[in-house]
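Each remark here refers to the structure printed beneath this line.
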Amino acid sequence: MLEARHLSYRYGKSDPWLFRDLSFSLGSGEILGLTGPSGAGKTTLAKILCGFLPADKGDVFIDHQPVRLNGFYPVQMVFQHPELAVNPHWKIAKILKEGFIPSPHLMRTFNIHQDWLDRYPWELSGGQLARVCLVRALGPGTRFLVADEITAMLDAVTQGRIWNSLLDYSRQNEIGMLIISHD
């Protein structure tokens with residue numbers, strides 16, 4: 001179980017709180033949606049849950065234990081803009097193998113083609129790169145995935161394909177998901 005307990009955050013001491021005393025839990029295989037307008041703190045919360053940003057107050061727990069940020073972190077995040085989440089000087093094969101070597105099954109599940117592996121990120125479409133980033137986040141130790149507007153920039157058909165694959169995969173592997181959306 002992933003738990004947020006009494007989280008509070010603001011960017012500066014004189015800035016207003018983005019959120020205060022926020023608590024919730026997310027179980028294995030559970031899907032939770034988070035919606036709100038731009039600037040409401042959704043992505044900031046995601047970064048705290050994934051260990052990218054410390055909370056001003058409160059704590060994050062996994063299985064009732066405080067989070068430790070050494071080694072592979074079981075809460076992974078996929079960002080809205082995949083082109084900003086990868087090194088543009090690395091080929092796709094190196095990007096995918098950054099944390100682990102994806103199985104052929106995982107590659108097929110998200111329709112990653114072999115000929116993409118020798119390309120650079122800028123040589124793929126937005127939908128193709130989004131799938132690459134999903135596969136990279138779904139390592140063997142991933143228990144929770146934070147999906148921050150991951151298909152917002154894509155056409156409806158590509159969105160549907162990605163979400164169908166991701167939902168099926170998360171159910172089969174009991175991966176809890178926090179899905180962030182404006183819609």
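Lettering and numbering for the structure tokens are positional, with chains as A, B, ... in the shown order, residues counted from 1 in each chain, and ligands counted from 1 in the shown order.
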
(request) From the DSSP assignment of the backbone, select every residue of region 23-183 of chain A that is strand (DSSP E or B), and format the answer as a ChimeraX atom specification. (result) /A:23-26,31-35,57-62,65-66,75-78,144-148,176-181

Emit the selected residues as a compact mmCIF listing (two decimals), in the first residue's frame, including C-alpha atoms.
```
# COMPACT_ATOMS: atom_id res chain seq x y z
CA SER A 23 -3.91 12.02 3.25
CA PHE A 24 -4.91 9.05 1.09
CA SER A 25 -3.89 5.49 0.35
CA LEU A 26 -3.54 3.48 -2.84
CA ILE A 31 -6.66 2.86 -9.65
CA LEU A 32 -7.21 6.34 -8.26
CA GLY A 33 -7.97 9.44 -10.31
CA LEU A 34 -6.86 12.95 -9.40
CA THR A 35 -8.33 15.89 -11.29
CA LYS A 57 5.03 18.48 6.16
CA GLY A 58 3.84 14.90 6.25
CA ASP A 59 5.24 11.60 5.05
CA VAL A 60 4.94 8.94 2.34
CA PHE A 61 4.80 5.28 3.37
CA ILE A 62 4.91 1.99 1.48
CA GLN A 65 7.08 1.81 6.34
CA PRO A 66 8.62 5.25 5.70
CA VAL A 75 6.73 4.34 -7.18
CA GLN A 76 7.45 5.42 -10.74
CA MET A 77 6.16 8.43 -12.65
CA VAL A 78 5.41 8.98 -16.31
CA PHE A 144 2.79 1.93 -8.16
CA LEU A 145 2.65 4.16 -11.21
CA VAL A 146 1.83 7.85 -11.26
CA ALA A 147 0.54 8.77 -14.72
CA ASP A 148 0.55 12.56 -15.07
CA GLY A 176 -1.55 0.57 -8.23
CA MET A 177 -2.04 3.68 -10.38
CA LEU A 178 -2.63 7.33 -9.61
CA ILE A 179 -3.98 8.86 -12.81
CA ILE A 180 -3.72 12.64 -13.01
CA SER A 181 -5.89 14.51 -15.48
```

(request) Once DSSP has gone over the backbone, tell me which residues of chain A are in helix (DSSP H, G or I), as number ranges by chain. (result) A: 42-49, 82-84, 92-96, 104-109, 114-116, 121-123, 126-137, 156-173

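Of the residues under consideration (A:Gly99, A:Glu83, A:Ile162, A:Lys94), A:Glu83 shows the shortest atom-to-atom contact distance to Ser125 (chain A) when counting only C-alpha atoms.
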
(request) Mind checking which residues fall within 6 Å of region 104-118 of chain A, counting only C-alpha atoms, ignoring those fewer than 3 positions away in the same chain, and posting them as a ChimeraX atom specification? (result) /A:91-93

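One finds CA of Leu7 (chain A) at 7.4 Å from CA of Asp56 (chain A).
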
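If only C-alpha atoms are the atoms counted, then among A:Gln128, A:Thr142, A:Asn164, A:Gln80 the closest residue to Phe100 (chain A) is A:Thr142.
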